[in-house]
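Written out below as structure tokens is the structure these notes cover.
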Amino acid sequence: MADEVVLLDFWPSPFGMRIRIALAEKGIKYEYKEEDLRNKSPLLLQMNPVHKKIPVLIHNGKSICESLIAVQYIDEVWNDRSPLLPSDPYQRAQARFWADFVDKKIYEIGRKLWTTKGEEQEAAKKDFIDAIKLLEEQLGDKTYFGGDKIGFVDLALVPFYTWFKAYETFGNFTTESECPKFIAWVKRCMQKESVSKSLPEQDKVYDFIVEIRKRIGIE
């Protein structure tokens with residue numbers, strides 16, 4: 001039986017981008033369904049009744065929610081090609097740790113960069129650069145976080161680069177001047193078709209965030 005794979009997603013979601021890259025890396029054909037988050041579809045509510053959020057991966061009618069869980073699922077089900085997690089248990093645990101760090105730090109701090117002002121924003125800017133520098137240390141001299149090939153941490157992190165124009169414009173800083181090794185890693189990732197074709201343009205995401213700021217009353 002042929003696999004039926006559907007992704008319920010919203011185009012600027014860095015979490016959805018993770019799954020898009022994973023599916024592209026594995027060469028899996030799937031149906032992409034764009035969700036209107038202000039008018040969620042019955043399918044989304046049925047497939048993710050607990051959180052009612054995107055992204056949701058649907059494989060042969062069964063739903064897998066939460067992006068990092070979905071990426072691990074993809075890696076386990078289609079384990080005959082392009083492994084995303086290391087085979088060594090310790091290395092696998094480390095990859096999960098740093099992917100979790102991205103979830104807890106980069107997303108939350110990044111949000112503060114475009115939703116706050118003054119001292120709170122300045123503190124967020126420092127926290128953001130500190131977090132990126134910590135990730136640079138983990139990258140070390142490797143091509144990717146996964147080593148010679150793109151892996152789990154790379155997939156978890158690189159989608160957030162699409163939001164960097166907004167982070168930097170509203171936060172009034174540049175990541176490249178502070179963390180050149182990190183931006184060099186991003187550029188290596190973007191040379192991969194599985195990444196570049198899965199991510200929207202930064203300008204498009206920036207315009208989307210400008211609209212959100214207007215909607216929530218931040219000028």
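Naming scheme: A, B, ... for chains in displayed order of the structure tokens; residues 1 onward per chain; ligands 1 onward as shown.
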Tell me, as a VMD selection string, which residues lie within 8 Å of Trp114 (chain A), counting only C-alpha atoms; anything in the same chain fewer than 5 positions away does not count.
chain A and resid 166 to 167 170 to 171 213
Could you list, with a cut-off of 8 Å and counting only C-alpha atoms, the residues of region 7-109 of chain A near region 138-160 of chain A, each shown with its nearest atom pair and the distance in Å rounded to one decimal, rows sorted by chain and ascending number, as CSV?
```
residue,atom,partner,partner_atom,distance
A:Pro14,CA,A:Pro159,CA,4.9
A:Phe15,CA,A:Pro159,CA,7.5
A:Met17,CA,A:Pro159,CA,5.9
A:Arg18,CA,A:Leu155,CA,5.4
A:Ile21,CA,A:Leu155,CA,6.8
A:Ala22,CA,A:Leu155,CA,7.2
A:Leu68,CA,A:Ala156,CA,7.2
A:Val71,CA,A:Phe152,CA,7.9
A:Pro83,CA,A:Gly151,CA,7.4
A:Leu84,CA,A:Gly151,CA,4.4
A:Leu85,CA,A:Phe152,CA,5.5
A:Pro86,CA,A:Gly146,CA,7.7
A:Ala95,CA,A:Val153,CA,5.9
A:Arg96,CA,A:Val153,CA,7.5
A:Trp98,CA,A:Val153,CA,6.4
A:Ala99,CA,A:Val153,CA,5.1
A:Val102,CA,A:Leu157,CA,6.3
A:Asp103,CA,A:Ala156,CA,8.0
A:Ile106,CA,A:Phe160,CA,7.8
A:Tyr107,CA,A:Phe160,CA,7.7
```
Taking C-alpha atoms for each residue, export the selection above as a compact mmCIF listing (two decimals), in the first residue's frame.
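Produced file again-v4.txt, reproduced below:
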```txt
# COMPACT_ATOMS: atom_id res chain seq x y z
CA PRO A 14 9.33 27.48 11.64
CA PHE A 15 7.91 24.35 13.25
CA MET A 17 9.35 24.09 8.08
CA ARG A 18 11.16 21.42 10.10
CA ILE A 21 12.75 19.78 5.32
CA ALA A 22 12.62 16.27 6.84
CA LEU A 68 10.28 17.50 16.74
CA VAL A 71 10.64 14.69 12.54
CA PRO A 83 19.26 9.41 8.62
CA LEU A 84 18.52 12.55 10.64
CA LEU A 85 19.38 11.29 14.13
CA PRO A 86 22.71 9.63 15.00
CA ALA A 95 20.88 15.98 19.43
CA ARG A 96 17.51 15.86 21.22
CA TRP A 98 20.01 20.81 21.60
CA ALA A 99 16.84 20.62 19.53
CA VAL A 102 16.21 25.66 20.25
CA ASP A 103 12.53 25.22 21.15
CA ILE A 106 15.35 30.67 20.19
CA TYR A 107 11.58 30.76 19.69
```
Quick check, in Å to one decimal: how far apart do CA of Val6 (chain A) and CA of Leu57 (chain A) lie?
6.0 Å
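Atom pair CA of Ile19 (chain A) / CA of Ala70 (chain A) has a distance of 6.9 Å (rounded to one decimal).
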What residues in region 22-204 of chain A get the DSSP label helix (DSSP H, G or I)? Please answer as number ranges by chain.
A: 22-26, 42-47, 67-77, 89-115, 118-139, 152-171, 175-178, 180-190, 193-196, 202-204
Nearby residues (only C-alpha atoms) at most 6 Å from Asp9 (chain A), same-chain spacing under 3 positions excluded, as a VMD selection string:
chain A and resid 16 34 to 35 54 to 55
Save the residues we just selected, C-alpha atoms, as a tab-separated table (two decimals), in the first residue's frame?
```
chain	number	residue	atom	x	y	z
A	16	GLY	CA	6.17	23.32	10.04
A	34	GLU	CA	-2.38	25.36	4.36
A	35	GLU	CA	-4.34	26.21	7.51
A	54	ILE	CA	-0.13	23.18	13.40
A	55	PRO	CA	1.95	21.48	12.21
```
8 Å contact set for region 179-186 of chain A, only C-alpha atoms, chain neighbours under 3 positions out, as a ChimeraX atom specification
/A:129,132-133,135-136,143-144,158,161,175-176,189-190
Choose the residue, out of A:Asn60, A:Thr115, A:Glu31, A:Thr174, that has the smallest atom-to-atom separation from Ile212 (chain A); count only C-alpha atoms.
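Checking each of A:Asn60, A:Thr115, A:Glu31, A:Thr174 against Ile212 (chain A), counting only C-alpha atoms, the winner is A:Thr115.
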Shell of 12 Å around Leu37 (chain A), only C-alpha atoms, local chain residues under 6 positions omitted, as JSON, numbers by chain
{"A": [8, 9, 10, 11, 12, 13, 44, 45, 52, 53, 54, 55]}
